[in-house]
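Undergrad: PDB, C-alpha atoms, saved as upload-v7.pdb, coming up:
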ATOM      1  CA  CYS H  22      56.427  55.807  30.248  1.00  0.00           C
ATOM      2  CA  TYR H  23      55.234  57.338  33.529  1.00  0.00           C
ATOM      3  CA  ARG H  24      54.902  53.853  35.001  1.00  0.00           C
ATOM      4  CA  GLU H  25      58.421  52.935  33.928  1.00  0.00           C
ATOM      5  CA  PHE H  26      59.725  55.987  35.823  1.00  0.00           C
ATOM      6  CA  GLU H  27      57.450  55.171  38.782  1.00  0.00           C
ATOM      7  CA  ARG H  28      55.526  58.407  38.389  1.00  0.00           C
ATOM      8  CA  LEU H  29      52.423  56.531  39.406  1.00  0.00           C
ATOM      9  CA  ALA H  30      49.974  59.400  39.896  1.00  0.00           C
ATOM     10  CA  GLU H  31      50.662  60.626  36.365  1.00  0.00           C
ATOM     11  CA  ALA H  32      50.588  57.079  34.998  1.00  0.00           C
ATOM     12  CA  GLU H  33      47.178  56.474  36.567  1.00  0.00           C
ATOM     13  CA  GLU H  34      45.865  59.777  35.246  1.00  0.00           C
ATOM     14  CA  ALA H  35      47.088  58.945  31.713  1.00  0.00           C
ATOM     15  CA  ALA H  36      45.558  55.450  31.798  1.00  0.00           C
ATOM     16  CA  ARG H  37      42.222  56.790  33.066  1.00  0.00           C
ATOM     17  CA  LYS H  38      42.219  59.466  30.355  1.00  0.00           C
ATOM     18  CA  ALA H  39      42.855  56.778  27.715  1.00  0.00           C
ATOM     19  CA  ILE H  40      39.900  54.779  29.075  1.00  0.00           C
ATOM     20  CA  GLU H  41      37.723  57.900  29.048  1.00  0.00           C
ATOM     21  CA  LEU H  42      38.612  58.512  25.388  1.00  0.00           C
ATOM     22  CA  GLU H  43      38.172  54.868  24.364  1.00  0.00           C
ATOM     23  CA  PRO H  44      36.328  52.818  27.017  1.00  0.00           C
ATOM     24  CA  GLU H  45      36.551  49.548  25.057  1.00  0.00           C
ATOM     25  CA  ASN H  46      40.340  49.638  24.679  1.00  0.00           C
ATOM     26  CA  TYR H  47      41.486  46.595  26.656  1.00  0.00           C
ATOM     27  CA  GLN H  48      45.119  47.710  26.667  1.00  0.00           C
ATOM     28  CA  SER H  49      44.253  50.890  28.578  1.00  0.00           C
ATOM     29  CA  HIS H  50      42.448  48.882  31.245  1.00  0.00           C
ATOM     30  CA  TYR H  51      45.424  46.544  31.437  1.00  0.00           C
ATOM     31  CA  GLU H  52      47.831  49.459  31.869  1.00  0.00           C
ATOM     32  CA  LEU H  53      45.654  50.875  34.624  1.00  0.00           C
ATOM     33  CA  SER H  54      45.731  47.514  36.421  1.00  0.00           C
ATOM     34  CA  HIS H  55      49.540  47.612  36.407  1.00  0.00           C
ATOM     35  CA  VAL H  56      49.634  51.088  37.905  1.00  0.00           C
ATOM     36  CA  LEU H  57      47.062  50.245  40.555  1.00  0.00           C
ATOM     37  CA  ALA H  58      48.966  47.088  41.525  1.00  0.00           C
ATOM     38  CA  MET H  59      52.164  49.119  41.870  1.00  0.00           C
ATOM     39  CA  LYS H  60      50.283  51.518  44.134  1.00  0.00           C
ATOM     40  CA  GLY H  61      49.190  48.578  46.282  1.00  0.00           C
ATOM     41  CA  GLU H  62      45.525  48.988  45.351  1.00  0.00           C
ATOM     42  CA  ILE H  63      45.064  45.268  44.723  1.00  0.00           C
ATOM     43  CA  ALA H  64      41.257  45.157  44.700  1.00  0.00           C
ATOM     44  CA  SER H  65      41.102  47.976  42.133  1.00  0.00           C
ATOM     45  CA  ALA H  66      43.874  46.358  40.099  1.00  0.00           C
ATOM     46  CA  ILE H  67      41.911  43.101  40.031  1.00  0.00           C
ATOM     47  CA  ARG H  68      38.769  44.903  38.819  1.00  0.00           C
ATOM     48  CA  SER H  69      40.744  46.613  36.086  1.00  0.00           C
ATOM     49  CA  VAL H  70      42.411  43.467  34.790  1.00  0.00           C
ATOM     50  CA  LEU H  71      39.044  41.663  34.892  1.00  0.00           C
ATOM     51  CA  LYS H  72      37.730  44.397  32.595  1.00  0.00           C
ATOM     52  CA  THR H  73      40.714  43.746  30.316  1.00  0.00           C
ATOM     53  CA  LEU H  74      39.749  40.081  30.065  1.00  0.00           C
ATOM     54  CA  GLN H  75      36.092  40.921  29.540  1.00  0.00           C
ATOM     55  CA  LEU H  76      37.119  43.029  26.542  1.00  0.00           C
ATOM     56  CA  ASN H  77      39.756  40.599  25.296  1.00  0.00           C
ATOM     57  CA  PRO H  78      39.495  37.010  26.606  1.00  0.00           C
ATOM     58  CA  LEU H  79      42.626  36.051  24.617  1.00  0.00           C
ATOM     59  CA  HIS H  80      44.953  38.420  26.527  1.00  0.00           C
ATOM     60  CA  ILE H  81      47.304  35.808  28.024  1.00  0.00           C
ATOM     61  CA  THR H  82      49.401  38.307  29.961  1.00  0.00           C
ATOM     62  CA  ALA H  83      46.281  39.630  31.659  1.00  0.00           C
ATOM     63  CA  TYR H  84      45.459  36.118  32.899  1.00  0.00           C
ATOM     64  CA  LEU H  85      48.958  35.817  34.336  1.00  0.00           C
ATOM     65  CA  THR H  86      48.782  39.263  35.925  1.00  0.00           C
ATOM     66  CA  LEU H  87      45.426  38.527  37.518  1.00  0.00           C
ATOM     67  CA  GLY H  88      46.670  35.136  38.663  1.00  0.00           C
ATOM     68  CA  THR H  89      49.644  36.820  40.321  1.00  0.00           C
ATOM     69  CA  LEU H  90      47.320  39.253  42.096  1.00  0.00           C
ATOM     70  CA  TYR H  91      45.100  36.395  43.295  1.00  0.00           C
ATOM     71  CA  ASN H  92      48.136  34.438  44.477  1.00  0.00           C
ATOM     72  CA  GLN H  93      49.355  37.440  46.503  1.00  0.00           C
ATOM     73  CA  VAL H  94      46.231  37.100  48.628  1.00  0.00           C
ATOM     74  CA  GLU H  95      46.373  33.267  48.492  1.00  0.00           C
ATOM     75  CA  ARG H  96      43.279  32.854  46.340  1.00  0.00           C
ATOM     76  CA  PHE H  97      44.776  29.853  44.570  1.00  0.00           C
ATOM     77  CA  GLY H  98      41.397  28.327  43.740  1.00  0.00           C
ATOM     78  CA  GLN H  99      40.404  31.468  41.857  1.00  0.00           C
ATOM     79  CA  THR H 100      43.727  31.452  40.013  1.00  0.00           C
ATOM     80  CA  ILE H 101      43.087  27.860  38.939  1.00  0.00           C
ATOM     81  CA  GLU H 102      39.576  28.720  37.699  1.00  0.00           C
ATOM     82  CA  LEU H 103      40.978  31.747  35.874  1.00  0.00           C
ATOM     83  CA  TYR H 104      43.703  29.797  34.082  1.00  0.00           C
ATOM     84  CA  GLU H 105      41.283  27.015  33.166  1.00  0.00           C
ATOM     85  CA  GLU H 106      39.026  29.688  31.657  1.00  0.00           C
ATOM     86  CA  GLY H 107      42.000  31.069  29.743  1.00  0.00           C
ATOM     87  CA  LEU H 108      42.681  27.615  28.311  1.00  0.00           C
ATOM     88  CA  ARG H 109      39.059  27.298  27.209  1.00  0.00           C
ATOM     89  CA  HIS H 110      39.583  30.464  25.140  1.00  0.00           C
ATOM     90  CA  ASN H 111      43.064  29.455  23.969  1.00  0.00           C
ATOM     91  CA  PRO H 112      44.011  25.768  24.397  1.00  0.00           C
ATOM     92  CA  ASN H 113      47.500  26.562  23.084  1.00  0.00           C
ATOM     93  CA  ALA H 114      48.331  28.922  25.951  1.00  0.00           C
ATOM     94  CA  HIS H 115      51.062  26.626  27.258  1.00  0.00           C
ATOM     95  CA  ILE H 116      52.180  29.105  29.880  1.00  0.00           C
ATOM     96  CA  LEU H 117      48.790  28.841  31.611  1.00  0.00           C
ATOM     97  CA  ARG H 118      49.059  25.057  31.556  1.00  0.00           C
ATOM     98  CA  ASP H 119      52.584  25.341  33.029  1.00  0.00           C
ATOM     99  CA  GLU H 120      51.210  27.437  35.866  1.00  0.00           C
ATOM    100  CA  LEU H 121      48.293  25.053  36.426  1.00  0.00           C
ATOM    101  CA  VAL H 122      50.616  22.097  36.953  1.00  0.00           C
ATOM    102  CA  ASP H 123      52.337  23.958  39.799  1.00  0.00           C
ATOM    103  CA  LEU H 124      49.083  25.295  41.243  1.00  0.00           C
ATOM    104  CA  TYR H 125      47.377  21.909  41.296  1.00  0.00           C
ATOM    105  CA  LEU H 126      50.403  20.449  43.054  1.00  0.00           C
ATOM    106  CA  LEU H 127      50.309  23.348  45.524  1.00  0.00           C
ATOM    107  CA  VAL H 128      46.661  22.664  46.413  1.00  0.00           C
ATOM    108  CA  GLN H 129      47.374  18.922  46.559  1.00  0.00           C
ATOM    109  CA  LYS H 130      45.485  17.868  43.448  1.00  0.00           C
ATOM    110  CA  PRO H 131      48.201  15.807  41.752  1.00  0.00           C
ATOM    111  CA  ARG H 132      45.850  14.024  39.329  1.00  0.00           C
ATOM    112  CA  GLU H 133      44.796  17.356  37.783  1.00  0.00           C
ATOM    113  CA  ALA H 134      48.449  18.421  37.704  1.00  0.00           C
ATOM    114  CA  TYR H 135      49.317  15.184  35.922  1.00  0.00           C
ATOM    115  CA  LEU H 136      46.662  15.737  33.236  1.00  0.00           C
ATOM    116  CA  HIS H 137      48.016  19.189  32.412  1.00  0.00           C
ATOM    117  CA  ALA H 138      51.616  17.971  32.511  1.00  0.00           C
ATOM    118  CA  GLU H 139      50.697  15.136  30.157  1.00  0.00           C
ATOM    119  CA  SER H 140      48.995  17.575  27.790  1.00  0.00           C
ATOM    120  CA  LEU H 141      52.173  19.664  27.653  1.00  0.00           C
ATOM    121  CA  THR H 142      54.282  16.681  26.617  1.00  0.00           C
ATOM    122  CA  GLN H 143      51.816  15.901  23.819  1.00  0.00           C
ATOM    123  CA  ARG H 144      52.211  19.409  22.425  1.00  0.00           C
ATOM    124  CA  ARG H 145      55.963  19.895  22.750  1.00  0.00           C
ATOM    125  CA  ASP H 146      59.074  17.857  23.452  1.00  0.00           C
ATOM    126  CA  PHE H 147      60.864  19.711  26.275  1.00  0.00           C
ATOM    127  CA  PHE H 148      63.031  18.169  28.963  1.00  0.00           C
ATOM    128  CA  GLY H 149      61.383  20.150  31.788  1.00  0.00           C
ATOM    129  CA  ASP H 150      57.917  19.009  30.762  1.00  0.00           C
ATOM    130  CA  TYR H 151      58.899  15.355  31.027  1.00  0.00           C
ATOM    131  CA  LEU H 152      60.634  15.919  34.336  1.00  0.00           C
ATOM    132  CA  ARG H 153      57.461  17.492  35.775  1.00  0.00           C
ATOM    133  CA  LEU H 154      55.290  14.789  34.227  1.00  0.00           C
ATOM    134  CA  GLY H 155      57.407  12.177  35.982  1.00  0.00           C
ATOM    135  CA  LYS H 156      57.061  13.961  39.326  1.00  0.00           C
ATOM    136  CA  CYS H 157      53.292  14.238  38.883  1.00  0.00           C
ATOM    137  CA  ALA H 158      53.100  10.551  37.959  1.00  0.00           C
ATOM    138  CA  LEU H 159      54.993   9.685  41.142  1.00  0.00           C
ATOM    139  CA  ALA H 160      52.533  11.777  43.152  1.00  0.00           C
ATOM    140  CA  ILE H 161      49.653   9.615  41.909  1.00  0.00           C
ATOM    141  CA  ASP H 162      51.589   6.336  42.197  1.00  0.00           C
ATOM    142  CA  GLU H 163      51.799   5.804  38.435  1.00  0.00           C
ATOM    143  CA  PHE H 164      55.318   4.387  38.540  1.00  0.00           C
ATOM    144  CA  GLU H 165      55.468   3.046  34.985  1.00  0.00           C
ATOM    145  CA  LYS H 166      54.350   6.394  33.593  1.00  0.00           C
ATOM    146  CA  ALA H 167      56.878   8.125  35.822  1.00  0.00           C
ATOM    147  CA  GLU H 168      59.616   5.819  34.543  1.00  0.00           C
ATOM    148  CA  GLN H 169      58.703   6.548  30.915  1.00  0.00           C
ATOM    149  CA  ALA H 170      58.662  10.297  31.562  1.00  0.00           C
ATOM    150  CA  PHE H 171      62.034  10.275  33.330  1.00  0.00           C
ATOM    151  CA  LEU H 172      63.561   8.097  30.610  1.00  0.00           C
ATOM    152  CA  ARG H 173      62.424  10.607  27.984  1.00  0.00           C
ATOM    153  CA  ALA H 174      63.803  13.452  30.107  1.00  0.00           C
ATOM    154  CA  THR H 175      67.224  11.764  30.256  1.00  0.00           C
ATOM    155  CA  GLN H 176      67.166  11.352  26.473  1.00  0.00           C
ATOM    156  CA  LEU H 177      66.399  15.022  25.976  1.00  0.00           C
ATOM    157  CA  ASN H 178      68.959  16.249  28.503  1.00  0.00           C
ATOM    158  CA  PRO H 179      71.512  13.650  29.604  1.00  0.00           C
ATOM    159  CA  GLN H 180      73.480  16.345  31.446  1.00  0.00           C
ATOM    160  CA  HIS H 181      70.777  16.853  34.062  1.00  0.00           C
ATOM    161  CA  ALA H 182      70.978  14.657  37.158  1.00  0.00           C
ATOM    162  CA  GLU H 183      67.441  14.837  38.502  1.00  0.00           C
ATOM    163  CA  ALA H 184      65.704  12.517  36.031  1.00  0.00           C
ATOM    164  CA  SER H 185      68.380   9.844  36.542  1.00  0.00           C
ATOM    165  CA  TYR H 186      68.094  10.217  40.303  1.00  0.00           C
ATOM    166  CA  HIS H 187      64.314   9.708  40.181  1.00  0.00           C
ATOM    167  CA  LEU H 188      64.770   6.659  37.966  1.00  0.00           C
ATOM    168  CA  GLY H 189      67.171   5.311  40.569  1.00  0.00           C
ATOM    169  CA  GLU H 190      64.542   5.818  43.257  1.00  0.00           C
ATOM    170  CA  ILE H 191      61.872   4.055  41.183  1.00  0.00           C
ATOM    171  CA  TYR H 192      64.139   1.103  40.469  1.00  0.00           C
ATOM    172  CA  MET H 193      65.270   0.896  44.098  1.00  0.00           C
ATOM    173  CA  ALA H 194      61.643   0.782  45.297  1.00  0.00           C
ATOM    174  CA  ALA H 195      60.918  -1.961  42.743  1.00  0.00           C
ATOM    175  CA  GLY H 196      63.892  -4.025  43.947  1.00  0.00           C
ATOM    176  CA  LEU H 197      65.777  -3.538  40.665  1.00  0.00           C
ATOM    177  CA  PHE H 198      69.055  -2.797  42.394  1.00  0.00           C
ATOM    178  CA  GLU H 199      71.400  -2.999  39.395  1.00  0.00           C
ATOM    179  CA  GLU H 200      69.200  -0.640  37.383  1.00  0.00           C
ATOM    180  CA  ALA H 201      68.972   1.702  40.371  1.00  0.00           C
ATOM    181  CA  LYS H 202      72.753   1.644  40.810  1.00  0.00           C
ATOM    182  CA  GLU H 203      73.256   2.503  37.128  1.00  0.00           C
ATOM    183  CA  GLN H 204      70.905   5.499  37.346  1.00  0.00           C
ATOM    184  CA  TYR H 205      72.467   6.767  40.573  1.00  0.00           C
ATOM    185  CA  LYS H 206      75.905   6.530  38.923  1.00  0.00           C
ATOM    186  CA  LYS H 207      74.608   8.563  35.978  1.00  0.00           C
ATOM    187  CA  ALA H 208      73.221  11.202  38.328  1.00  0.00           C
ATOM    188  CA  ILE H 209      76.538  11.455  40.180  1.00  0.00           C
ATOM    189  CA  ALA H 210      78.620  11.483  36.996  1.00  0.00           C
ATOM    190  CA  VAL H 211      76.727  14.436  35.606  1.00  0.00           C
ATOM    191  CA  ASN H 212      77.770  16.529  38.650  1.00  0.00           C
ATOM    192  CA  ASP H 213      74.775  18.802  38.158  1.00  0.00           C
ATOM    193  CA  GLN H 214      75.216  21.735  40.555  1.00  0.00           C
ATOM    194  CA  ASN H 215      71.575  22.770  40.043  1.00  0.00           C
ATOM    195  CA  PHE H 216      70.320  19.510  41.523  1.00  0.00           C
ATOM    196  CA  ILE H 217      72.921  18.216  43.987  1.00  0.00           C
TER
END
Could you render the structure as structure tokens?
TA:
Amino acid sequence: CYREFERLAEAEEAARKAIELEPENYQSHYELSHVLAMKGEIASAIRSVLKTLQLNPLHITAYLTLGTLYNQVERFGQTIELYEEGLRHNPNAHILRDELVDLYLLVQKPREAYLHAESLTQRRDFFGDYLRLGKCALAIDEFEKAEQAFLRATQLNPQHAEASYHLGEIYMAAGLFEEAKEQYKKAIAVNDQNFI
């Protein structure tokens, strides 16, 4: 409650008291990490959230919080290692896999991004997953896989222009001009303000 009202000194005191009373309570360590991050004490916040994960390696939100703290100081490699560790503890933590796709693309490792994107599409059937899989496939010059991913994306959400546009680009590069024209027309017809 103190944290919600930005009474940070009192929030820190309460979290530290909770830890003193029950040192193995991971939630108290996690709360302390939040308060410390809000105070700008990033190194201390990182130590506190690491303690949270030591006590509870299945705490998905703690992984994301620590990843955010690492990213603030551009320690993307450590964030990647952290999220991979989180997936070893919980392979169904899709949100960590989502983040890894973006991180691997950020550090220019598209093959690793592709593997995680592919894993997501095997576990769930979401438009956005196929769109990202297609982009990752393009980044590693896997044009047939990109085509299949974008085709599935258009099936799942025909009102989104981006997948059709990418299909048009693939077909244009392959010299399939009629197919490219058809996909470009679809992309234009959708009039998707989020993409145009």
Undergrad: Written as a CSV table (one decimal) with C-alpha atoms, in the frame of the given file, which residues does the PyMOL selection byres ((chain H and resi 179) around 12) give for the file shown?
TA:
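Output (expr.csv):
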chain,number,residue,atom,x,y,z
H,148,PHE,CA,63.0,18.2,29.0
H,171,PHE,CA,62.0,10.3,33.3
H,172,LEU,CA,63.6,8.1,30.6
H,173,ARG,CA,62.4,10.6,28.0
H,174,ALA,CA,63.8,13.5,30.1
H,175,THR,CA,67.2,11.8,30.3
H,176,GLN,CA,67.2,11.4,26.5
H,177,LEU,CA,66.4,15.0,26.0
H,178,ASN,CA,69.0,16.2,28.5
H,180,GLN,CA,73.5,16.3,31.4
H,181,HIS,CA,70.8,16.9,34.1
H,182,ALA,CA,71.0,14.7,37.2
H,183,GLU,CA,67.4,14.8,38.5
H,184,ALA,CA,65.7,12.5,36.0
H,185,SER,CA,68.4,9.8,36.5
H,186,TYR,CA,68.1,10.2,40.3
H,204,GLN,CA,70.9,5.5,37.3
H,207,LYS,CA,74.6,8.6,36.0
H,208,ALA,CA,73.2,11.2,38.3
H,209,ILE,CA,76.5,11.5,40.2
H,210,ALA,CA,78.6,11.5,37.0
H,211,VAL,CA,76.7,14.4,35.6
H,212,ASN,CA,77.8,16.5,38.6
H,213,ASP,CA,74.8,18.8,38.2
Undergrad: How many Å lie between CA of Lys156 (chain H) and CA of Arg96 (chain H), rounded to one decimal?
TA: 24.4 Å
Undergrad: I'd like the contact shell of Ala66 (chain H) - 6 Å cut-off, only C-alpha atoms, skipping same-chain residues fewer than 3 positions apart - returned as a compact mmCIF listing (two decimals) with C-alpha atoms, in the coordinates of the input.
TA:
# COMPACT_ATOMS: atom_id res chain seq x y z
CA SER H 54 45.73 47.51 36.42
CA LEU H 57 47.06 50.24 40.56
CA ALA H 58 48.97 47.09 41.52
CA ILE H 63 45.06 45.27 44.72
CA SER H 69 40.74 46.61 36.09
Undergrad: Evaluate the PyMOL selection byres ((chain H and resi 70) around 8) and record the selected residues as a PDB file with C-alpha atoms, in the frame of the given file, following the chain and residue labels used in the document.
TA:
ATOM      1  CA  HIS H  50      42.448  48.882  31.245  1.00  0.00           C
ATOM      2  CA  TYR H  51      45.424  46.544  31.437  1.00  0.00           C
ATOM      3  CA  SER H  54      45.731  47.514  36.421  1.00  0.00           C
ATOM      4  CA  ALA H  66      43.874  46.358  40.099  1.00  0.00           C
ATOM      5  CA  ILE H  67      41.911  43.101  40.031  1.00  0.00           C
ATOM      6  CA  ARG H  68      38.769  44.903  38.819  1.00  0.00           C
ATOM      7  CA  SER H  69      40.744  46.613  36.086  1.00  0.00           C
ATOM      8  CA  LEU H  71      39.044  41.663  34.892  1.00  0.00           C
ATOM      9  CA  LYS H  72      37.730  44.397  32.595  1.00  0.00           C
ATOM     10  CA  THR H  73      40.714  43.746  30.316  1.00  0.00           C
ATOM     11  CA  LEU H  74      39.749  40.081  30.065  1.00  0.00           C
ATOM     12  CA  ALA H  83      46.281  39.630  31.659  1.00  0.00           C
ATOM     13  CA  THR H  86      48.782  39.263  35.925  1.00  0.00           C
ATOM     14  CA  LEU H  87      45.426  38.527  37.518  1.00  0.00           C
TER      15      LEU H  87
END
Undergrad: Which residues are near Tyr135 (chain H)? Cut-off 12 Å, only C-alpha atoms, ignore same chain within fewer than 3 positions. Put them as a CSV table (one decimal) with C-alpha atoms, in the frame of the given file.
TA:
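And here is the file that came out, result19.csv:
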chain,number,residue,atom,x,y,z
H,118,ARG,CA,49.1,25.1,31.6
H,119,ASP,CA,52.6,25.3,33.0
H,121,LEU,CA,48.3,25.1,36.4
H,122,VAL,CA,50.6,22.1,37.0
H,123,ASP,CA,52.3,24.0,39.8
H,124,LEU,CA,49.1,25.3,41.2
H,125,TYR,CA,47.4,21.9,41.3
H,126,LEU,CA,50.4,20.4,43.1
H,129,GLN,CA,47.4,18.9,46.6
H,130,LYS,CA,45.5,17.9,43.4
H,131,PRO,CA,48.2,15.8,41.8
H,132,ARG,CA,45.8,14.0,39.3
H,138,ALA,CA,51.6,18.0,32.5
H,139,GLU,CA,50.7,15.1,30.2
H,140,SER,CA,49.0,17.6,27.8
H,141,LEU,CA,52.2,19.7,27.7
H,142,THR,CA,54.3,16.7,26.6
H,150,ASP,CA,57.9,19.0,30.8
H,151,TYR,CA,58.9,15.4,31.0
H,152,LEU,CA,60.6,15.9,34.3
H,153,ARG,CA,57.5,17.5,35.8
H,154,LEU,CA,55.3,14.8,34.2
H,155,GLY,CA,57.4,12.2,36.0
H,156,LYS,CA,57.1,14.0,39.3
H,157,CYS,CA,53.3,14.2,38.9
H,158,ALA,CA,53.1,10.6,38.0
H,159,LEU,CA,55.0,9.7,41.1
H,160,ALA,CA,52.5,11.8,43.2
H,161,ILE,CA,49.7,9.6,41.9
H,162,ASP,CA,51.6,6.3,42.2
H,163,GLU,CA,51.8,5.8,38.4
H,166,LYS,CA,54.4,6.4,33.6
H,167,ALA,CA,56.9,8.1,35.8
H,170,ALA,CA,58.7,10.3,31.6
Undergrad: Hey, could you pull the box centre and edge lengths for region 105-112 of chain H, axis-aligned, 4 Å padding per side, all listed atoms, to one decimal in Å, as JSON?
TA:
{"center_x": 41.5, "center_y": 28.4, "center_z": 28.6, "size_x": 13.0, "size_y": 13.3, "size_z": 17.2}
Undergrad: Using all atoms listed in the file, which of the listed residues (H:Leu76, H:Leu188, H:Ala30, H:Ile116) sits closest to Glu45 (chain H)?
TA: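 Checking each of H:Leu76, H:Leu188, H:Ala30, H:Ile116 against Glu45 (chain H), counting all atoms listed in the file, the winner is H:Leu76.
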